[in-house]
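Visitor: Below is the file protein_10.txt, which contains compact mmCIF, C-alpha atoms.
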```
# COMPACT_ATOMS: atom_id res chain seq x y z
CA MET A 5 7.83 -15.86 0.80
CA SER A 6 11.33 -17.23 0.97
CA ARG A 7 12.20 -19.97 -1.44
CA GLY A 8 14.54 -22.88 -0.67
CA PHE A 9 16.63 -24.68 -3.23
CA PRO A 10 14.85 -27.71 -4.76
CA PRO A 11 15.97 -30.97 -3.12
CA LEU A 12 18.89 -32.67 -4.83
CA PRO A 13 19.28 -36.45 -5.00
CA ALA A 14 21.06 -37.77 -1.91
CA LEU A 15 24.81 -38.15 -2.20
CA HIS A 16 26.21 -41.43 -0.91
CA PHE A 17 29.85 -41.74 0.14
CA LEU A 18 31.71 -44.91 1.07
CA ILE A 19 34.76 -44.34 3.26
CA GLU A 20 37.18 -47.26 3.28
CA VAL A 21 40.01 -47.54 5.84
CA ASP A 22 42.75 -50.07 5.06
CA ALA A 23 44.55 -49.95 8.41
CA ILE A 24 41.69 -49.78 10.88
CA GLU A 25 44.06 -50.48 13.78
CA VAL A 26 45.41 -46.92 13.58
CA PHE A 27 42.11 -45.74 15.00
CA ASP A 28 42.23 -47.97 18.09
CA ASP A 29 43.49 -45.16 20.34
CA THR A 30 43.25 -42.08 18.13
CA TYR A 31 39.83 -42.28 16.50
CA ASP A 32 37.92 -39.02 17.08
CA GLY A 33 34.26 -39.37 16.08
CA THR A 34 33.59 -35.68 16.72
CA ARG A 35 36.26 -34.68 14.25
CA VAL A 36 34.78 -36.95 11.58
CA ILE A 37 31.34 -35.38 12.08
CA GLN A 38 32.91 -31.90 11.82
CA ALA A 39 34.52 -32.98 8.56
CA LEU A 40 31.18 -34.15 7.16
CA ARG A 41 29.53 -30.89 8.19
CA ARG A 42 32.29 -28.89 6.55
CA GLY A 43 31.85 -30.90 3.37
CA ALA A 44 28.09 -30.29 3.38
CA MET A 45 28.53 -26.55 3.87
CA ASN A 46 31.13 -26.48 1.10
CA ALA A 47 28.62 -28.13 -1.21
CA ALA A 48 25.93 -25.60 -0.20
CA ASN A 49 28.28 -22.72 -0.97
CA LEU A 50 28.88 -24.19 -4.41
CA ILE A 51 25.11 -24.31 -4.99
CA GLN A 52 24.82 -20.67 -3.93
CA GLY A 53 27.51 -19.60 -6.39
CA VAL A 54 26.07 -21.54 -9.31
CA TRP A 55 22.57 -20.22 -8.50
CA VAL A 56 23.78 -16.61 -8.61
CA THR A 57 25.69 -17.20 -11.84
CA ARG A 58 22.67 -18.76 -13.54
CA ALA A 59 20.33 -15.96 -12.43
CA GLN A 60 22.76 -13.33 -13.71
CA ALA A 61 23.21 -15.19 -17.00
CA LEU A 62 19.45 -14.95 -17.59
CA GLY A 63 19.72 -11.16 -17.53
CA LEU A 64 17.70 -10.57 -14.37
CA ARG A 65 18.45 -6.86 -14.25
CA ASN A 66 15.19 -5.10 -13.49
CA THR A 67 14.57 -3.97 -9.93
CA GLY A 68 12.43 -6.90 -8.82
CA LEU A 69 14.70 -9.53 -10.31
CA GLN A 70 17.82 -7.83 -8.98
CA SER A 71 16.24 -8.36 -5.56
CA TYR A 72 15.94 -12.04 -6.47
CA VAL A 73 19.68 -12.18 -7.20
CA GLY A 74 20.44 -10.26 -4.00
CA GLY A 75 18.39 -12.77 -2.05
CA ILE A 76 20.92 -15.43 -3.06
CA GLN A 77 24.13 -13.47 -3.45
CA LYS A 78 24.11 -11.20 -0.40
CA ALA A 79 21.35 -12.46 1.85
CA ALA A 80 21.03 -16.20 1.24
CA ARG A 81 20.35 -18.30 4.31
CA ILE A 82 22.52 -21.44 4.38
CA GLU A 83 21.90 -23.69 7.33
CA ILE A 84 21.86 -27.28 8.49
CA VAL A 85 18.19 -28.13 8.98
CA SER A 86 18.50 -31.77 10.02
CA GLU A 87 21.20 -34.19 11.03
CA GLN A 88 20.84 -37.85 11.89
CA MET A 89 23.47 -40.45 12.70
CA THR A 90 24.06 -43.79 14.30
CA PHE A 91 27.21 -44.99 15.99
CA ASP A 92 26.08 -48.63 16.14
CA PRO A 93 27.98 -50.43 13.37
CA LYS A 94 26.00 -53.14 11.65
CA PRO A 95 27.64 -55.81 9.50
CA ASP A 96 26.57 -55.66 5.88
CA GLN A 97 26.51 -58.60 3.53
CA GLY A 98 30.27 -58.34 3.00
CA GLY A 99 30.99 -58.54 6.69
CA GLN A 100 32.20 -54.94 6.94
CA ASP A 101 31.07 -52.50 9.59
CA VAL A 102 28.85 -49.64 8.36
CA SER A 103 27.95 -46.46 10.27
CA TRP A 104 25.14 -44.25 8.97
CA TYR A 105 25.06 -40.44 8.86
CA GLU A 106 22.69 -38.03 7.11
CA ILE A 107 22.85 -34.24 6.91
CA VAL A 108 20.43 -31.89 5.14
CA VAL A 109 21.57 -28.37 4.30
CA GLU A 110 19.07 -25.80 3.03
CA VAL A 111 19.95 -22.86 0.77
CA THR A 112 17.18 -20.24 0.89
CA ASN A 113 16.66 -17.22 -1.32
CA THR A 114 15.41 -14.61 1.18
CA CYS A 115 13.93 -12.31 -1.48
CA PRO A 116 10.22 -11.91 -0.53
CA HIS A 117 9.01 -12.55 -4.07
CA ALA A 118 11.49 -15.29 -4.99
CA GLN A 119 8.69 -17.83 -5.38
CA ILE A 120 6.91 -15.60 -7.90
CA VAL A 121 10.10 -15.32 -9.98
CA GLU A 122 10.51 -19.08 -9.79
CA GLU A 123 6.97 -20.22 -10.47
CA GLY A 124 5.25 -17.15 -11.94
CA HIS A 125 1.59 -16.41 -11.30
CA ALA A 126 -1.75 -16.45 -13.07
CA ALA A 127 -3.50 -13.25 -14.09
CA PHE A 128 -5.28 -11.63 -11.14
CA HIS A 129 -7.32 -8.61 -10.07
CA LEU A 130 -5.10 -6.49 -7.83
CA PRO A 131 -7.83 -4.85 -5.65
CA SER A 132 -9.14 -8.27 -4.68
CA LYS A 133 -5.70 -9.22 -3.30
CA ILE A 134 -5.24 -6.17 -1.06
CA ASN A 135 -5.97 -6.17 2.67
CA TRP A 136 -8.16 -3.07 2.82
CA ALA A 137 -8.12 -3.14 6.62
CA GLY A 138 -4.33 -2.78 6.70
CA PRO A 139 -2.61 -0.02 8.71
CA ASN A 140 -1.30 1.80 5.62
CA VAL A 141 -4.63 2.03 3.81
CA LYS A 142 -5.82 5.63 3.51
CA HIS A 143 -9.42 6.86 3.72
CA THR A 144 -11.34 9.60 1.96
CA LYS A 145 -13.56 12.04 3.85
CA LYS A 146 -16.44 9.66 3.18
CA GLY A 147 -14.47 6.77 4.62
CA THR A 148 -13.68 5.01 1.35
CA PRO A 149 -10.41 3.06 1.65
CA TYR A 150 -7.77 3.68 -0.99
CA LEU A 151 -4.07 3.38 -1.71
CA SER A 152 -1.80 5.83 -3.50
CA ILE A 153 0.40 3.91 -5.92
CA PRO A 154 3.60 5.74 -6.92
CA PHE A 155 5.11 5.35 -10.38
CA ARG A 156 8.63 6.58 -11.04
CA HIS A 157 9.54 8.02 -14.43
CA ARG A 158 13.21 8.06 -15.28
CA GLN A 159 14.97 10.97 -16.92
CA TYR A 160 15.52 10.90 -20.64
CA GLN A 161 18.87 9.62 -21.88
CA THR A 162 20.32 9.47 -25.36
CA GLU A 163 21.09 6.04 -26.75
CA LYS A 164 24.80 6.63 -26.04
CA GLN A 165 24.11 7.66 -22.42
CA ALA A 166 21.87 4.63 -21.91
CA ASP A 167 24.58 2.31 -23.27
CA ILE A 168 27.29 3.83 -21.08
CA GLY A 169 25.09 3.66 -18.00
CA GLY A 170 24.00 0.10 -18.72
CA ALA A 171 20.31 0.97 -18.65
CA THR A 172 18.09 -2.06 -18.14
CA ARG A 173 15.06 -2.86 -20.25
CA MET A 174 12.86 -1.86 -17.34
CA ALA A 175 14.68 1.47 -17.00
CA LEU A 176 14.22 2.15 -20.72
CA ARG A 177 10.50 1.44 -20.45
CA ALA A 178 10.26 3.86 -17.50
CA MET A 179 12.20 6.59 -19.32
CA MET A 180 10.37 9.78 -20.24
CA PRO A 181 10.42 10.84 -23.88
CA GLU A 182 12.75 13.77 -24.51
CA ALA A 183 10.00 16.38 -25.02
CA ILE A 184 8.22 15.44 -21.80
CA HIS A 185 11.48 15.44 -19.85
CA LYS A 186 12.15 19.01 -21.01
CA GLU A 187 8.79 20.08 -19.59
CA ALA A 188 9.25 18.09 -16.37
CA ARG A 189 12.60 19.74 -15.66
CA LYS A 190 10.82 23.09 -15.40
CA LEU A 191 8.68 21.91 -12.48
CA SER A 192 9.40 23.26 -9.00
CA PHE A 193 10.27 20.73 -6.29
CA THR A 194 7.69 19.12 -4.01
CA ARG A 195 9.09 19.06 -0.47
CA PRO A 196 8.03 16.88 2.47
CA MET A 197 7.26 18.74 5.69
CA ARG A 198 8.42 15.87 7.93
CA ALA A 199 5.14 16.14 9.81
CA GLY A 200 4.72 12.39 10.25
CA ARG A 201 1.67 10.23 9.68
CA GLN A 202 -1.63 12.08 9.31
CA TYR A 203 -5.03 11.00 10.66
CA ASP A 204 -8.54 12.39 10.36
CA ALA A 205 -10.92 13.24 13.19
CA GLN A 206 -12.09 9.61 13.30
CA GLY A 207 -8.51 8.41 13.76
CA ARG A 208 -8.27 6.99 10.24
CA TYR A 209 -4.94 7.12 8.44
CA THR A 210 -4.93 9.67 5.61
CA ALA A 211 -1.30 10.33 4.61
CA LYS A 212 2.26 9.51 5.60
CA ASP A 213 3.29 13.20 5.64
CA ARG A 214 2.37 16.72 4.64
CA TYR A 215 3.98 18.42 1.66
CA HIS A 216 4.83 21.75 0.12
CA TRP A 217 3.59 20.87 -3.33
CA GLY A 218 5.47 22.12 -6.36
CA GLY A 219 4.24 22.15 -9.96
CA ARG A 220 2.40 19.37 -11.75
CA LEU A 221 2.79 18.38 -15.37
CA ASN A 222 -0.37 18.91 -17.44
CA ARG A 223 -0.75 16.26 -20.13
CA SER A 224 -4.55 16.13 -20.07
CA GLY A 225 -4.80 16.75 -23.80
CA ALA A 226 -2.42 13.98 -24.85
CA SER A 227 -3.82 11.55 -27.39
CA THR A 228 -3.34 7.81 -27.54
CA GLY A 229 0.09 7.28 -29.05
CA PHE A 230 3.62 6.06 -28.59
CA HIS A 231 7.11 7.44 -28.22
CA VAL A 232 10.20 5.55 -29.32
CA SER A 233 12.97 5.80 -26.71
CA PRO A 234 16.68 4.96 -27.14
CA GLY A 235 17.31 1.36 -28.06
CA GLY A 236 13.98 1.17 -29.88
CA THR A 237 11.90 0.84 -26.69
CA VAL A 238 8.30 1.88 -27.36
CA VAL A 239 6.65 3.96 -24.62
CA GLY A 240 2.89 4.44 -24.69
CA GLU A 241 1.64 7.73 -23.28
CA ARG A 242 -2.03 6.73 -23.34
CA ARG A 243 -3.34 3.22 -23.68
CA GLY A 244 -6.63 2.00 -25.01
CA GLU A 245 -8.78 -0.78 -23.59
CA HIS A 246 -7.02 -4.12 -23.68
CA SER A 247 -7.62 -7.67 -22.54
CA VAL A 248 -5.31 -9.19 -19.94
CA ALA A 249 -6.89 -12.64 -19.81
CA PRO A 250 -10.26 -14.18 -20.70
CA GLY A 251 -12.88 -12.11 -18.88
CA MET A 252 -10.29 -9.63 -17.57
CA VAL A 253 -10.21 -6.29 -19.41
CA ASN A 254 -8.36 -3.14 -18.38
CA PRO A 255 -10.20 0.01 -19.48
CA ALA A 256 -8.55 2.75 -21.51
CA TRP A 257 -6.49 5.26 -19.56
CA LYS A 258 -8.38 8.50 -18.99
CA SER A 259 -5.26 10.59 -19.41
CA SER A 260 -1.55 10.41 -20.19
CA LYS A 261 0.65 8.28 -17.94
CA PHE A 262 2.66 11.47 -17.38
CA HIS A 263 -0.30 13.66 -16.40
CA GLY A 264 0.08 15.07 -12.88
CA MET A 265 3.81 14.31 -12.70
CA PHE A 266 5.69 16.10 -9.93
CA LYS A 267 9.36 16.52 -9.11
CA SER A 268 10.82 15.46 -5.77
CA GLY A 269 14.33 14.81 -4.49
CA THR A 270 17.01 17.50 -4.50
CA LYS A 271 18.76 19.69 -7.03
CA GLY A 272 21.11 17.51 -9.02
CA HIS A 273 19.21 14.38 -7.95
CA PRO A 274 15.58 14.93 -9.00
CA GLN A 275 13.00 12.20 -9.09
CA TYR A 276 9.88 12.36 -11.22
CA MET A 277 6.76 10.64 -9.96
CA THR A 278 3.07 10.23 -10.69
CA ILE A 279 0.52 8.89 -8.22
CA ARG A 280 -2.45 6.74 -9.14
CA THR A 281 -5.26 5.82 -6.78
CA ILE A 282 -6.71 2.35 -6.28
CA THR A 283 -9.85 1.48 -4.30
CA PRO A 284 -11.69 -1.81 -3.73
CA ASP A 285 -14.04 -0.86 -6.59
CA SER A 286 -11.45 0.44 -9.06
CA PRO A 287 -12.07 -0.83 -12.60
CA GLY A 288 -9.15 -2.49 -14.26
CA TRP A 289 -5.95 -3.06 -12.30
CA ASN A 290 -5.88 -6.55 -13.78
CA ILE A 291 -2.35 -7.92 -13.64
CA PRO A 292 -1.31 -10.19 -16.54
CA ALA A 293 0.04 -13.65 -15.95
CA LEU A 294 3.78 -13.99 -15.40
CA ALA A 295 5.68 -17.04 -16.62
CA GLY A 296 7.95 -18.67 -14.06
CA LYS A 297 11.69 -18.82 -14.74
CA PHE A 298 12.37 -21.93 -12.62
CA ILE A 299 15.98 -20.88 -12.10
CA ALA A 300 16.56 -22.98 -8.99
CA ALA A 301 15.22 -26.07 -10.75
CA GLN A 302 17.60 -25.47 -13.65
CA VAL A 303 20.54 -25.20 -11.26
CA ALA A 304 19.49 -28.29 -9.30
CA SER A 305 19.25 -30.32 -12.50
CA GLY A 306 22.65 -29.16 -13.72
CA ILE A 307 24.42 -29.81 -10.43
CA ALA A 308 22.82 -33.24 -9.97
CA SER A 309 24.18 -34.36 -13.36
CA SER A 310 27.80 -33.35 -12.62
CA ASN A 311 30.51 -34.38 -10.18
CA ALA A 312 31.14 -30.83 -8.97
CA LEU A 313 29.05 -31.16 -5.82
CA GLU A 314 30.65 -34.44 -4.81
CA ASP A 315 34.11 -32.97 -5.40
CA ARG A 316 33.34 -29.91 -3.30
CA PHE A 317 31.96 -32.07 -0.50
CA SER A 318 35.02 -34.30 -0.53
CA SER A 319 37.42 -31.35 -0.43
CA GLY A 320 35.68 -30.00 2.67
CA VAL A 321 35.91 -33.35 4.42
CA LEU A 322 39.58 -33.74 3.58
CA ASP A 323 40.39 -30.19 4.70
CA VAL A 324 39.30 -31.07 8.23
CA LEU A 325 40.71 -34.60 8.39
CA HIS A 326 44.10 -33.55 6.99
CA THR A 327 44.56 -30.45 9.11
CA GLY A 328 42.66 -31.39 12.22
CA GLY A 329 40.60 -28.22 11.87
CA GLY A 330 36.97 -28.05 12.80
CA GLU A 331 34.03 -25.72 13.07
```
Show me this structure written as structure tokens.

Guide:
Amino acid sequence: MSRGFPPLPALHFLIEVDAIEVFDDTYDGTRVIQALRRGAMNAANLIQGVWVTRAQALGLRNTGLQSYVGGIQKAARIEIVSEQMTFDPKPDQGGQDVSWYEIVVEVTNTCPHAQIVEEGHAAFHLPSKINWAGPNVKHTKKGTPYLSIPFRHRQYQTEKQADIGGATRMALRAMMPEAIHKEARKLSFTRPMRAGRQYDAQGRYTAKDRYHWGGRLNRSGASTGFHVSPGGTVVGERRGEHSVAPGMVNPAWKSSKFHGMFKSGTKGHPQYMTIRTITPDSPGWNIPALAGKFIAAQVASGIASSNALEDRFSSGVLDVLHTGGGE
């Protein structure tokens, strides 16, 4: 779901003209409206820049949060959503003529999960949130619906390599321990056959392709334990039963998180993956609660308490009125 910027308090501007007679023959109402629009768009661009800066300052560097930043920085939607005006001057208490104009500009983060980053979510049971009648749901021979969930495991790096490459916390958590990476490198490649989507005799979707399968990593005998990766990141190979929230318990893993790993990609650019299966009746798959970051609200509060937005608006208005330029 796209997420718009929280509403800011309305900005009120009083434009005073000392020599009103100069407008008798030259006043161009259209040009004034263009100036106000330019000012509003200038202000929206300022909001966009501050929003990006704040998100980056919070260290949003894992894949999902980078998408959040991209939804503002590269793909933000900035548009005028409403505009109202009156050209019927009404005398105020001081006897001056007042014309009224209102413009609302919306800045939208187009990242699909922007609202989750902003507001977080409560703990939930993943199978209960899936549309099991969806077109990409697979089926077993008995007709049981299931999904294959891919997990990527990153290649091992020394602490120096991780520092040079700017590895994120998420990348460090997804990094294979050195010993497991040595074994994984020996695997032969799994190659797609480019056969297209596969269906069974009943017309049910079963796979997105066919494959020439390479080797698989056997870690069936791994015990519950941890590896310490560069930077002190702790990686658990097997996890015991643990509680996610009251009444929500994920069972112990039956095998190592690296068991069944295969190698795809190409020579020089390998990717290491494991696949886990989820069905409507899968135990566990309870997702812990995520605290919201409320980044947009922080930016809105900061901008509303400064003069930066008003200054940017005014500069846009003056650019048009001074130069005669328009949209």

Visitor: Quick one: residues within 9 Å of range 188-202 of chain A, only C-alpha atoms, excluding same-chain residues fewer than 6 positions away - as an NGL selection string?

Guide: :A and (208-221 or 265-271 or 274 or 276)

Visitor: Hey, what's within 12 Å of Asn311 in chain A if we count all atoms listed in the file and toss same-chain stuff fewer than 4 positions away? As a list in words, please?

Guide: Leu15, Ala47, Leu50, Gly306, Ile307, Asp315, Arg316, Phe317 and Ser318 of chain A

Visitor: Go ahead and dump the residues you just picked, C-alpha atoms, as a PDB file, in the coordinates of the input.

Guide:
```
ATOM      1  CA  LEU A  15      24.810 -38.150  -2.200  1.00  0.00           C
ATOM      2  CA  ALA A  47      28.620 -28.130  -1.210  1.00  0.00           C
ATOM      3  CA  LEU A  50      28.880 -24.190  -4.410  1.00  0.00           C
ATOM      4  CA  GLY A 306      22.650 -29.160 -13.720  1.00  0.00           C
ATOM      5  CA  ILE A 307      24.420 -29.810 -10.430  1.00  0.00           C
ATOM      6  CA  ASP A 315      34.110 -32.970  -5.400  1.00  0.00           C
ATOM      7  CA  ARG A 316      33.340 -29.910  -3.300  1.00  0.00           C
ATOM      8  CA  PHE A 317      31.960 -32.070  -0.500  1.00  0.00           C
ATOM      9  CA  SER A 318      35.020 -34.300  -0.530  1.00  0.00           C
TER      10      SER A 318
END
```

Visitor: Quote the spacing between CA of Lys145 in chain A and CA of Ser286 in chain A in Å to one decimal place.

Guide: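 Value for the CA of Lys145 in chain A-CA of Ser286 in chain A distance: 17.5 Å.
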
Visitor: For a test of reading the model, state the distance in Å between CA of Ile184 in chain A and CA of Glu163 in chain A, rounded to one decimal.

Guide: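 Pair CA of Ile184 in chain A / CA of Glu163 in chain A returns 16.7 Å.
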
Visitor: Enter the distance from CA of Ile153 in chain A to CA of Glu123 in chain A, in Å, rounded to one decimal.

Guide: 25.4 Å

Visitor: List every protein, DNA or RNA residue with an atom no more than 8 Å from (20.6, -16.4, 3.7) in the file's coordinates, counting only C-alpha atoms, and format the result as a CSV table (one decimal) with C-alpha atoms, in the frame of the given file.

Guide:
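Written output follows (part-v1.csv):
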```
chain,number,residue,atom,x,y,z
A,75,GLY,CA,18.4,-12.8,-2.0
A,76,ILE,CA,20.9,-15.4,-3.1
A,78,LYS,CA,24.1,-11.2,-0.4
A,79,ALA,CA,21.4,-12.5,1.8
A,80,ALA,CA,21.0,-16.2,1.2
A,81,ARG,CA,20.4,-18.3,4.3
A,82,ILE,CA,22.5,-21.4,4.4
A,111,VAL,CA,20.0,-22.9,0.8
A,112,THR,CA,17.2,-20.2,0.9
A,113,ASN,CA,16.7,-17.2,-1.3
A,114,THR,CA,15.4,-14.6,1.2
```

Visitor: At a cut-off of 10 Å from (30.5, -25.0, 4.8) in the coordinates of the file, what residues are picked up using all atoms listed in the file, written as a ChimeraX atom specification?

Guide: /A:39-50,82-84,109,316-317,320-321,331

Visitor: Near Ile279 in chain A, counting all atoms listed in the file, which residues have an atom at most 7 Å away, once you skip same-chain residues fewer than 6 positions from it, shown as a PyMOL selection string?

Guide: chain A and resi 152-155

Visitor: Looking at all atoms listed in the file, which of A:Pro255, A:Pro11, A:Gly74, A:Pro284 is the one that sits closest to Thr148 in chain A?

Guide: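 Once distances to Thr148 in chain A are computed over all atoms listed in the file, the minimum belongs to A:Pro284.
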
Visitor: Using only the atoms of range 146-149 of chain A listed in the file, plus 6 Å on each side, state the axis-aligned box centre and edge lengths in Å rounded to one decimal, as lines of an AutoDock Vina configuration file.

Guide:
```
center_x = -13.4
center_y = 6.4
center_z = 3.0
size_x = 18.0
size_y = 18.6
size_z = 15.3
```

Visitor: Neighbours of Val253 in chain A within 10 Å (all atoms listed in the file; same-chain residues fewer than 3 positions away dropped), as a short mmCIF file (atom, residue, chain, number, x, y, z; two decimals) with C-alpha atoms, in the coordinates of the input?

Guide:
```
data_model
loop_
_atom_site.label_atom_id
_atom_site.label_comp_id
_atom_site.auth_asym_id
_atom_site.auth_seq_id
_atom_site.Cartn_x
_atom_site.Cartn_y
_atom_site.Cartn_z
CA GLU A 245 -8.78 -0.78 -23.59
CA HIS A 246 -7.02 -4.12 -23.68
CA SER A 247 -7.62 -7.67 -22.54
CA VAL A 248 -5.31 -9.19 -19.94
CA ALA A 249 -6.89 -12.64 -19.81
CA PRO A 250 -10.26 -14.18 -20.70
CA ALA A 256 -8.55 2.75 -21.51
CA PRO A 287 -12.07 -0.83 -12.60
CA GLY A 288 -9.15 -2.49 -14.26
CA TRP A 289 -5.95 -3.06 -12.30
CA ASN A 290 -5.88 -6.55 -13.78
CA ILE A 291 -2.35 -7.92 -13.64
#
```

Visitor: Taking all atoms listed in the file into account, name the residue in A:Ala293, A:His157, A:Ala304, A:Gln275 that is nearest to His263 in chain A.

Guide: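 That would be A:His157, the residue with the smallest distance to His263 in chain A.
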
Visitor: Taking all atoms listed in the file into account, which of A:Ala183, A:Ala178, A:Leu294, A:Ile107 comes nearest Phe128 in chain A?

Guide: A:Leu294
